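What follows is the content of final39.cif (mmCIF, C-alpha atoms).
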data_structure
#
loop_
_atom_site.group_PDB
_atom_site.id
_atom_site.type_symbol
_atom_site.label_atom_id
_atom_site.label_comp_id
_atom_site.auth_asym_id
_atom_site.auth_seq_id
_atom_site.Cartn_x
_atom_site.Cartn_y
_atom_site.Cartn_z
ATOM 1 C CA MET E 1 96.662 89.996 107.697
ATOM 2 C CA SER E 2 99.708 87.945 106.658
ATOM 3 C CA PRO E 3 100.432 84.746 108.598
ATOM 4 C CA PRO E 4 103.152 84.972 111.292
ATOM 5 C CA ARG E 5 106.652 84.235 110.028
ATOM 6 C CA PHE E 6 109.144 81.959 111.786
ATOM 7 C CA PHE E 7 112.810 81.255 111.089
ATOM 8 C CA LEU E 8 113.823 77.598 111.533
ATOM 9 C CA ASN E 9 117.484 76.650 111.355
ATOM 10 C CA SER E 10 116.764 73.298 109.752
ATOM 11 C CA PRO E 11 115.947 71.778 106.335
ATOM 12 C CA LEU E 12 112.435 72.511 105.062
ATOM 13 C CA GLU E 13 110.646 70.469 102.417
ATOM 14 C CA THR E 14 107.139 70.565 100.999
ATOM 15 C CA GLY E 15 104.965 67.702 102.208
ATOM 16 C CA THR E 16 106.898 67.042 105.423
ATOM 17 C CA CYS E 17 106.053 67.674 109.070
ATOM 18 C CA ILE E 18 108.586 69.257 111.423
ATOM 19 C CA PRO E 19 108.438 69.887 115.197
ATOM 20 C CA LEU E 20 108.872 73.502 116.205
ATOM 21 C CA PRO E 21 111.768 74.303 118.571
ATOM 22 C CA ASP E 22 110.631 75.021 122.119
ATOM 23 C CA ALA E 23 111.265 78.765 121.870
ATOM 24 C CA VAL E 24 109.342 79.046 118.594
ATOM 25 C CA ALA E 25 106.482 76.904 119.886
ATOM 26 C CA HIS E 26 106.259 78.992 123.075
ATOM 27 C CA TYR E 27 106.119 82.229 121.103
ATOM 28 C CA ALA E 28 103.563 80.876 118.637
ATOM 29 C CA LEU E 29 101.245 79.335 121.249
ATOM 30 C CA ARG E 30 101.707 81.455 124.381
ATOM 31 C CA VAL E 31 102.520 84.881 122.971
ATOM 32 C CA LEU E 32 100.693 84.975 119.636
ATOM 33 C CA ARG E 33 97.968 82.577 120.861
ATOM 34 C CA LEU E 34 97.926 80.652 117.598
ATOM 35 C CA ALA E 35 95.469 77.763 117.506
ATOM 36 C CA HIS E 36 95.507 74.344 115.898
ATOM 37 C CA ASP E 37 95.550 74.535 112.067
ATOM 38 C CA SER E 38 96.659 78.195 112.077
ATOM 39 C CA PRO E 39 98.526 79.230 108.913
ATOM 40 C CA VAL E 40 102.171 80.275 109.350
ATOM 41 C CA THR E 41 105.105 81.046 107.084
ATOM 42 C CA LEU E 42 108.459 79.302 107.565
ATOM 43 C CA PHE E 43 111.907 80.089 106.157
ATOM 44 C CA ASN E 44 115.420 78.857 106.880
ATOM 45 C CA GLY E 45 117.588 81.536 105.267
ATOM 46 C CA LEU E 46 118.400 79.466 102.181
ATOM 47 C CA GLY E 47 115.942 81.275 99.947
ATOM 48 C CA GLY E 48 112.217 81.615 99.618
ATOM 49 C CA GLU E 49 109.548 80.710 102.160
ATOM 50 C CA TYR E 50 107.034 77.942 102.819
ATOM 51 C CA GLU E 51 103.364 77.931 103.619
ATOM 52 C CA ALA E 52 102.635 75.776 106.664
ATOM 53 C CA ARG E 53 99.926 74.915 109.184
ATOM 54 C CA LEU E 54 100.284 74.241 112.888
ATOM 55 C CA GLU E 55 99.360 71.010 114.598
ATOM 56 C CA VAL E 56 99.048 71.696 118.329
ATOM 57 C CA GLN E 57 99.276 69.081 121.059
ATOM 58 C CA GLY E 58 99.339 70.694 124.495
ATOM 59 C CA ARG E 59 102.448 72.849 124.698
ATOM 60 C CA GLN E 60 104.023 71.135 121.702
ATOM 61 C CA ALA E 61 103.548 72.177 118.099
ATOM 62 C CA GLN E 62 104.654 70.953 114.738
ATOM 63 C CA ALA E 63 104.259 72.406 111.284
ATOM 64 C CA HIS E 64 102.928 70.681 108.184
ATOM 65 C CA ILE E 65 104.932 72.258 105.375
ATOM 66 C CA GLY E 66 103.141 73.207 102.181
ATOM 67 C CA ILE E 67 104.016 75.131 99.038
ATOM 68 C CA HIS E 68 107.386 76.815 98.603
ATOM 69 C CA HIS E 69 107.381 80.401 97.309
ATOM 70 C CA PRO E 70 110.678 81.685 95.870
ATOM 71 C CA ARG E 71 109.944 85.204 97.109
ATOM 72 C CA GLU E 72 112.854 87.420 98.133
ATOM 73 C CA ALA E 73 113.084 90.902 99.600
ATOM 74 C CA GLU E 74 116.779 91.577 98.980
ATOM 75 C CA LEU E 75 118.404 94.704 97.590
ATOM 76 C CA ALA E 76 119.720 94.810 94.035
ATOM 77 C CA GLY E 77 123.260 95.083 95.442
ATOM 78 C CA GLU E 78 125.170 93.756 98.431
ATOM 79 C CA LEU E 79 125.361 96.175 101.334
ATOM 80 C CA CYS E 80 128.010 95.619 103.991
ATOM 81 C CA LEU E 81 128.134 97.678 107.196
ATOM 82 C CA ILE E 82 131.565 97.861 108.869
ATOM 83 C CA GLN E 83 130.571 99.240 112.266
ATOM 84 C CA GLY E 84 132.881 100.442 115.017
ATOM 85 C CA LEU E 85 131.599 98.684 118.142
ATOM 86 C CA ALA E 86 129.199 100.882 120.088
ATOM 87 C CA GLY E 87 128.503 100.656 123.795
ATOM 88 C CA GLY E 88 125.365 99.746 125.717
ATOM 89 C CA ASP E 89 122.492 98.374 123.698
ATOM 90 C CA LYS E 90 123.331 100.466 120.631
ATOM 91 C CA MET E 91 124.713 97.458 118.759
ATOM 92 C CA ASP E 92 121.406 95.632 119.257
ATOM 93 C CA TRP E 93 119.619 98.544 117.611
ATOM 94 C CA ILE E 94 122.153 98.703 114.771
ATOM 95 C CA VAL E 95 121.864 94.969 114.055
ATOM 96 C CA GLU E 96 118.069 95.049 114.007
ATOM 97 C CA LYS E 97 117.781 98.094 111.769
ATOM 98 C CA ALA E 98 120.570 96.982 109.424
ATOM 99 C CA VAL E 99 118.525 93.846 108.728
ATOM 100 C CA GLU E 100 115.406 95.910 108.069
ATOM 101 C CA LEU E 101 117.327 98.165 105.673
ATOM 102 C CA GLY E 102 118.627 95.200 103.679
ATOM 103 C CA ALA E 103 122.254 94.841 104.788
ATOM 104 C CA THR E 104 123.856 91.605 103.623
ATOM 105 C CA ARG E 105 126.701 91.593 106.135
ATOM 106 C CA LEU E 106 127.694 93.375 109.327
ATOM 107 C CA VAL E 107 131.319 93.509 110.471
ATOM 108 C CA PRO E 108 131.796 94.770 114.070
ATOM 109 C CA ILE E 109 135.158 96.478 114.587
ATOM 110 C CA PHE E 110 137.087 96.924 117.832
ATOM 111 C CA ALA E 111 138.008 100.514 117.002
ATOM 112 C CA ARG E 112 140.556 102.409 119.079
ATOM 113 C CA ARG E 113 137.841 104.705 120.408
ATOM 114 C CA SER E 114 135.174 102.046 120.932
ATOM 115 C CA LEU E 115 133.631 102.271 124.384
ATOM 116 C CA LEU E 116 133.128 98.511 124.306
ATOM 117 C CA GLN E 117 136.423 96.725 124.877
ATOM 118 C CA LEU E 118 136.838 93.135 126.092
ATOM 119 C CA ARG E 119 139.790 91.947 128.104
ATOM 120 C CA ALA E 120 141.731 89.097 126.520
ATOM 121 C CA GLU E 121 140.786 86.534 129.190
ATOM 122 C CA HIS E 122 137.085 87.193 128.571
ATOM 123 C CA MET E 123 137.317 87.641 124.818
ATOM 124 C CA ASN E 124 136.215 84.241 123.477
ATOM 125 C CA LYS E 125 133.409 83.555 125.943
ATOM 126 C CA ARG E 126 131.862 87.020 125.815
ATOM 127 C CA LEU E 127 132.280 87.309 122.058
ATOM 128 C CA GLN E 128 130.449 84.057 121.482
ATOM 129 C CA LYS E 129 127.599 85.190 123.729
ATOM 130 C CA ARG E 130 127.346 88.533 121.960
ATOM 131 C CA LEU E 131 127.466 86.956 118.509
ATOM 132 C CA ALA E 132 124.711 84.508 119.425
ATOM 133 C CA HIS E 133 122.656 87.380 120.855
ATOM 134 C CA TRP E 134 123.104 89.494 117.719
ATOM 135 C CA GLN E 135 122.275 86.517 115.505
ATOM 136 C CA ARG E 136 118.986 86.013 117.344
ATOM 137 C CA ILE E 137 118.195 89.687 116.825
ATOM 138 C CA ALA E 138 118.971 89.354 113.094
ATOM 139 C CA GLN E 139 116.728 86.310 112.794
ATOM 140 C CA SER E 140 113.868 88.015 114.612
ATOM 141 C CA ALA E 141 114.259 91.135 112.473
ATOM 142 C CA SER E 142 114.098 89.021 109.293
ATOM 143 C CA GLU E 143 110.895 87.400 110.547
ATOM 144 C CA GLN E 144 109.377 90.830 111.136
ATOM 145 C CA CYS E 145 110.482 92.641 107.989
ATOM 146 C CA GLY E 146 109.794 89.888 105.445
ATOM 147 C CA ARG E 147 113.347 88.948 104.460
ATOM 148 C CA ASN E 148 114.003 85.293 103.712
ATOM 149 C CA ARG E 149 117.757 85.671 104.092
ATOM 150 C CA ILE E 150 119.675 86.165 107.340
ATOM 151 C CA MET E 151 122.271 88.935 107.533
ATOM 152 C CA THR E 152 125.749 87.556 108.212
ATOM 153 C CA ILE E 153 127.426 88.913 111.352
ATOM 154 C CA GLU E 154 131.195 88.524 111.408
ATOM 155 C CA VAL E 155 133.377 87.950 114.470
ATOM 156 C CA PRO E 156 134.552 91.374 115.744
ATOM 157 C CA GLY E 157 138.142 92.272 114.953
ATOM 158 C CA SER E 158 140.407 95.214 114.198
ATOM 159 C CA LEU E 159 140.028 97.488 111.186
ATOM 160 C CA GLU E 160 143.509 96.551 110.049
ATOM 161 C CA GLY E 161 142.653 92.872 110.217
ATOM 162 C CA TYR E 162 139.431 93.356 108.287
ATOM 163 C CA LEU E 163 141.009 95.415 105.501
ATOM 164 C CA GLY E 164 143.821 92.897 105.194
ATOM 165 C CA ALA E 165 141.448 89.946 104.952
ATOM 166 C CA ASP E 166 138.908 91.636 102.691
ATOM 167 C CA PRO E 167 140.702 94.270 100.588
ATOM 168 C CA VAL E 168 138.899 96.721 98.327
ATOM 169 C CA ARG E 169 138.258 95.015 94.992
ATOM 170 C CA PRO E 170 137.527 96.480 91.535
ATOM 171 C CA GLY E 171 133.845 97.277 91.203
ATOM 172 C CA THR E 172 133.393 97.494 94.971
ATOM 173 C CA LEU E 173 132.787 100.889 96.548
ATOM 174 C CA SER E 174 133.979 101.387 100.123
ATOM 175 C CA LEU E 175 133.025 104.589 101.915
ATOM 176 C CA LEU E 176 134.123 105.989 105.266
ATOM 177 C CA CYS E 177 131.751 108.455 106.831
ATOM 178 C CA HIS E 178 133.565 111.614 107.975
ATOM 179 C CA PRO E 179 132.010 115.072 108.506
ATOM 180 C CA ALA E 180 135.091 116.857 107.098
ATOM 181 C CA ALA E 181 135.420 114.824 103.885
ATOM 182 C CA GLU E 182 135.789 116.762 100.632
ATOM 183 C CA GLN E 183 133.267 114.788 98.593
ATOM 184 C CA CYS E 184 129.666 114.268 99.599
ATOM 185 C CA LEU E 185 127.790 110.995 99.416
ATOM 186 C CA ASP E 186 125.882 111.617 96.196
ATOM 187 C CA GLN E 187 129.111 112.602 94.399
ATOM 188 C CA ALA E 188 130.800 109.343 95.388
ATOM 189 C CA LEU E 189 127.808 107.286 94.251
ATOM 190 C CA ALA E 190 127.556 109.185 90.957
ATOM 191 C CA ARG E 191 131.186 108.222 90.210
ATOM 192 C CA TRP E 192 130.415 104.525 90.720
ATOM 193 C CA PRO E 193 128.792 103.248 87.506
ATOM 194 C CA GLU E 194 128.908 99.631 88.708
ATOM 195 C CA GLY E 195 126.437 100.539 91.438
ATOM 196 C CA ARG E 196 123.600 100.879 88.952
ATOM 197 C CA ASN E 197 124.632 97.957 86.742
ATOM 198 C CA THR E 198 122.709 95.199 88.524
ATOM 199 C CA THR E 199 121.744 93.233 85.412
ATOM 200 C CA HIS E 200 124.263 90.411 85.856
ATOM 201 C CA ASP E 201 126.200 90.830 89.119
ATOM 202 C CA ARG E 202 125.255 92.386 92.425
ATOM 203 C CA PRO E 203 127.536 95.361 93.098
ATOM 204 C CA VAL E 204 129.052 95.578 96.576
ATOM 205 C CA LEU E 205 128.852 98.709 98.716
ATOM 206 C CA ARG E 206 130.730 98.844 102.023
ATOM 207 C CA LEU E 207 130.115 101.566 104.602
ATOM 208 C CA LEU E 208 132.660 102.185 107.381
ATOM 209 C CA ILE E 209 131.075 103.817 110.423
ATOM 210 C CA GLY E 210 133.153 104.838 113.430
ATOM 211 C CA PRO E 211 132.236 104.266 117.098
ATOM 212 C CA GLU E 212 131.071 106.963 119.524
ATOM 213 C CA GLY E 213 134.437 108.721 119.384
ATOM 214 C CA GLY E 214 134.839 108.318 115.623
ATOM 215 C CA TRP E 215 137.711 106.701 113.776
ATOM 216 C CA SER E 216 141.174 107.635 115.002
ATOM 217 C CA ALA E 217 143.567 109.457 112.668
ATOM 218 C CA GLU E 218 145.542 106.223 112.291
ATOM 219 C CA GLU E 219 142.444 104.245 111.354
ATOM 220 C CA GLN E 220 141.367 106.855 108.834
ATOM 221 C CA ALA E 221 144.816 106.817 107.212
ATOM 222 C CA LEU E 222 144.772 103.016 107.162
ATOM 223 C CA ALA E 223 141.366 102.937 105.431
ATOM 224 C CA LEU E 224 142.204 105.625 102.882
ATOM 225 C CA GLY E 225 145.478 103.860 102.092
ATOM 226 C CA ALA E 226 143.505 100.689 101.388
ATOM 227 C CA GLY E 227 141.287 102.369 98.777
ATOM 228 C CA VAL E 228 138.396 103.474 100.978
ATOM 229 C CA GLN E 229 136.890 106.857 100.095
ATOM 230 C CA ALA E 230 135.869 109.416 102.729
ATOM 231 C CA VAL E 231 132.449 111.047 102.298
ATOM 232 C CA ARG E 232 130.409 113.543 104.251
ATOM 233 C CA PHE E 233 126.682 113.266 104.800
ATOM 234 C CA GLY E 234 125.073 116.626 105.430
ATOM 235 C CA PRO E 235 126.183 119.442 107.751
ATOM 236 C CA ARG E 236 125.316 117.646 111.017
ATOM 237 C CA VAL E 237 127.369 115.169 113.021
ATOM 238 C CA LEU E 238 125.373 111.946 113.448
ATOM 239 C CA ARG E 239 125.636 109.521 116.328
ATOM 240 C CA THR E 240 127.207 106.162 115.543
ATOM 241 C CA GLU E 241 123.867 104.351 115.879
ATOM 242 C CA THR E 242 122.308 106.818 113.415
ATOM 243 C CA ALA E 243 125.051 107.355 110.837
ATOM 244 C CA GLY E 244 125.236 103.881 109.318
ATOM 245 C CA LEU E 245 121.488 103.454 109.133
ATOM 246 C CA ALA E 246 120.995 106.882 107.556
ATOM 247 C CA LEU E 247 123.720 106.211 104.984
ATOM 248 C CA MET E 248 122.291 102.796 104.115
ATOM 249 C CA ALA E 249 118.855 104.269 103.502
ATOM 250 C CA ALA E 250 120.276 107.143 101.455
ATOM 251 C CA CYS E 251 122.545 104.904 99.356
ATOM 252 C CA THR E 252 119.865 102.378 98.472
ATOM 253 C CA ALA E 253 117.521 105.212 97.489
ATOM 254 C CA LEU E 254 120.105 107.065 95.384
ATOM 255 C CA LEU E 255 121.211 103.842 93.652
ATOM 256 C CA GLY E 256 117.656 102.589 93.121
ATOM 257 C CA TRP E 257 118.451 99.289 94.835
ATOM 258 C CA ASN E 258 114.973 98.934 96.292
ATOM 259 C CA GLY E 259 113.460 98.837 92.819
ATOM 260 C CA PRO E 260 110.747 101.097 91.405
ATOM 261 C CA ALA E 261 108.430 102.792 93.860
#
What's the structure tokens form of this structure?
Amino acid sequence: MSPPRFFLNSPLETGTCIPLPDAVAHYALRVLRLAHDSPVTLFNGLGGEYEARLEVQGRQAQAHIGIHHPREAELAGELCLIQGLAGGDKMDWIVEKAVELGATRLVPIFARRSLLQLRAEHMNKRLQKRLAHWQRIAQSASEQCGRNRIMTIEVPGSLEGYLGADPVRPGTLSLLCHPAAEQCLDQALARWPEGRNTTHDRPVLRLLIGPEGGWSAEEQALALGAGVQAVRFGPRVLRTETAGLALMAACTALLGWNGPA
């Protein structure tokens, strides 16, 4: 069995000793019941991972950092999920599974039909709490799935604001999932030769997924006018918490981004 993995938001260096944050120490000692001198794996999101061993003193623990391994578990291309904000705990699920599927970046969008809407007077405080919550989920998911990078989660904003700040660039493929689109997913990917040319640069694929009520007609027109392509994905209408994850899995398989089987 592989040693437990822990994300530490601090510099890591072979041959040094670092105290574990209280939350990490509690999980390691009280939940996993790790003992003194137990092997663990540490990473800080900057690349690779470190072998380490625990030194336990009561409820406190520190890690003696050993060899660095430049191992990565990233896709051959950059995968960005532009997700219309979903209600309830659906966003938690989306964040966790997007990490597992290899997404590089997640951009939450206050879509016109999003069930989750924040009043202006509560915007900053609640947004910061949600972002911190989602970031903890992303870190935990990276620990579990073996990634040594942390998915970036952007501050939620409007679709218009996102497209204006990050326009479609040459070589980047941006797809909007819509059940009535003329072209299907595999056709769009087949027309994107840059997606399979991963020798020098990592191609960028962006997937725009609407909220529970879907993108409004105005949002669809805005995206298409900005160079986004509409695609359909099978004959069934998928829920918002399913659509993006299904498309990510399908795209990485069709493009061969996970490498040879």
Which residues, named as in the file, does the PyMOL selection byres ((chain E and resi 15-21) around 12) pick out? Answer as a VMD selection string. chain E and resid 6 to 14 22 to 29 40 42 50 to 57 59 to 68
Output for the residues just chosen: C-alpha atoms as an mmCIF file, in the frame of the given file:
data_model
loop_
_atom_site.group_PDB
_atom_site.id
_atom_site.type_symbol
_atom_site.label_atom_id
_atom_site.label_comp_id
_atom_site.auth_asym_id
_atom_site.auth_seq_id
_atom_site.Cartn_x
_atom_site.Cartn_y
_atom_site.Cartn_z
ATOM 1 C CA PHE E 6 109.144 81.959 111.786
ATOM 2 C CA PHE E 7 112.810 81.255 111.089
ATOM 3 C CA LEU E 8 113.823 77.598 111.533
ATOM 4 C CA ASN E 9 117.484 76.650 111.355
ATOM 5 C CA SER E 10 116.764 73.298 109.752
ATOM 6 C CA PRO E 11 115.947 71.778 106.335
ATOM 7 C CA LEU E 12 112.435 72.511 105.062
ATOM 8 C CA GLU E 13 110.646 70.469 102.417
ATOM 9 C CA THR E 14 107.139 70.565 100.999
ATOM 10 C CA ASP E 22 110.631 75.021 122.119
ATOM 11 C CA ALA E 23 111.265 78.765 121.870
ATOM 12 C CA VAL E 24 109.342 79.046 118.594
ATOM 13 C CA ALA E 25 106.482 76.904 119.886
ATOM 14 C CA HIS E 26 106.259 78.992 123.075
ATOM 15 C CA TYR E 27 106.119 82.229 121.103
ATOM 16 C CA ALA E 28 103.563 80.876 118.637
ATOM 17 C CA LEU E 29 101.245 79.335 121.249
ATOM 18 C CA VAL E 40 102.171 80.275 109.350
ATOM 19 C CA LEU E 42 108.459 79.302 107.565
ATOM 20 C CA TYR E 50 107.034 77.942 102.819
ATOM 21 C CA GLU E 51 103.364 77.931 103.619
ATOM 22 C CA ALA E 52 102.635 75.776 106.664
ATOM 23 C CA ARG E 53 99.926 74.915 109.184
ATOM 24 C CA LEU E 54 100.284 74.241 112.888
ATOM 25 C CA GLU E 55 99.360 71.010 114.598
ATOM 26 C CA VAL E 56 99.048 71.696 118.329
ATOM 27 C CA GLN E 57 99.276 69.081 121.059
ATOM 28 C CA ARG E 59 102.448 72.849 124.698
ATOM 29 C CA GLN E 60 104.023 71.135 121.702
ATOM 30 C CA ALA E 61 103.548 72.177 118.099
ATOM 31 C CA GLN E 62 104.654 70.953 114.738
ATOM 32 C CA ALA E 63 104.259 72.406 111.284
ATOM 33 C CA HIS E 64 102.928 70.681 108.184
ATOM 34 C CA ILE E 65 104.932 72.258 105.375
ATOM 35 C CA GLY E 66 103.141 73.207 102.181
ATOM 36 C CA ILE E 67 104.016 75.131 99.038
ATOM 37 C CA HIS E 68 107.386 76.815 98.603
#
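Distances here use all atoms listed in the file; by that measure, the residue among E:Glu154, E:Ala180, E:Arg112, E:Gln144 closest to E:Arg130 is E:Glu154.
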The PyMOL selection byres ((chain E and resi 191-198) around 10) resolved against shown file, as a PyMOL selection string: chain E and resi 76-78+170-173+186-190+199-205+251-252+254-257
Just so the selection is clear, what residues does the PyMOL selection byres ((chain E and resi 208) around 7) cover here, as a ChimeraX atom specification? /E:81-83,175-177,206-207,209-210
With a distance cut-off of 12 Å and only C-alpha atoms, select the neighbouring residues of E:Gly164, excluding the residue or stretch itself and same-chain residues fewer than 6 positions from it, and output the selection as a ChimeraX atom specification. /E:157-158,222-223,225-227
Nearest to E:Arg105, chosen from E:Thr152, E:Asn124, E:Gln139, E:Asn258, with only C-alpha atoms counted in the distances: E:Thr152
Quick check, in Å to one decimal: how far apart do atom CA of E:Ile94 and atom CA of E:Ala138 lie? 10.0 Å
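Nearest to E:His133 of all the residues E:Leu34, E:Val168, E:Leu85, E:Val95 is E:Val95, based on all atoms listed in the file.
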Could you give me the centre and size, in Å to one decimal, of an axis-aligned box around all listed atoms of stretch 237-248 of chain E with 4 Å added on every side, as JSON?
{"center_x": 124.2, "center_y": 109.0, "center_z": 110.2, "size_x": 14.4, "size_y": 20.4, "size_z": 20.2}
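Picture a line from atom CA of E:Gly58 to atom CA of E:Arg5; it runs 21.1 Å.
Atom pair atom CA of E:Arg71 / atom CA of E:Ala103 has a distance of 17.4 Å (rounded to one decimal).
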Using only C-alpha atoms, which protein or nucleic acid residues come within 12 Å of E:Met91? Drop anything in the same chain fewer than 4 positions from it, and give the result as a ChimeraX atom specification. /E:83-87,95-98,106-109,114-116,130-131,133-135,137-138,153,156,211-212,240-242,244-245
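Minimum atom-to-atom distances from E:Ala73, E:Ile150, E:Ala217, E:Ala243 to E:Leu46 were compared using only C-alpha atoms, and the lowest value belongs to E:Ile150.
Nearest to E:Leu79 of all the residues E:Met248, E:Pro167, E:Asp92, E:Val228 is E:Met248, counting only C-alpha atoms.
Taking all atoms listed in the file into account, E:Gly47 lies nearest to E:Asn148 out of the set E:Lys125, E:Ser2, E:Glu74, E:Asn148.
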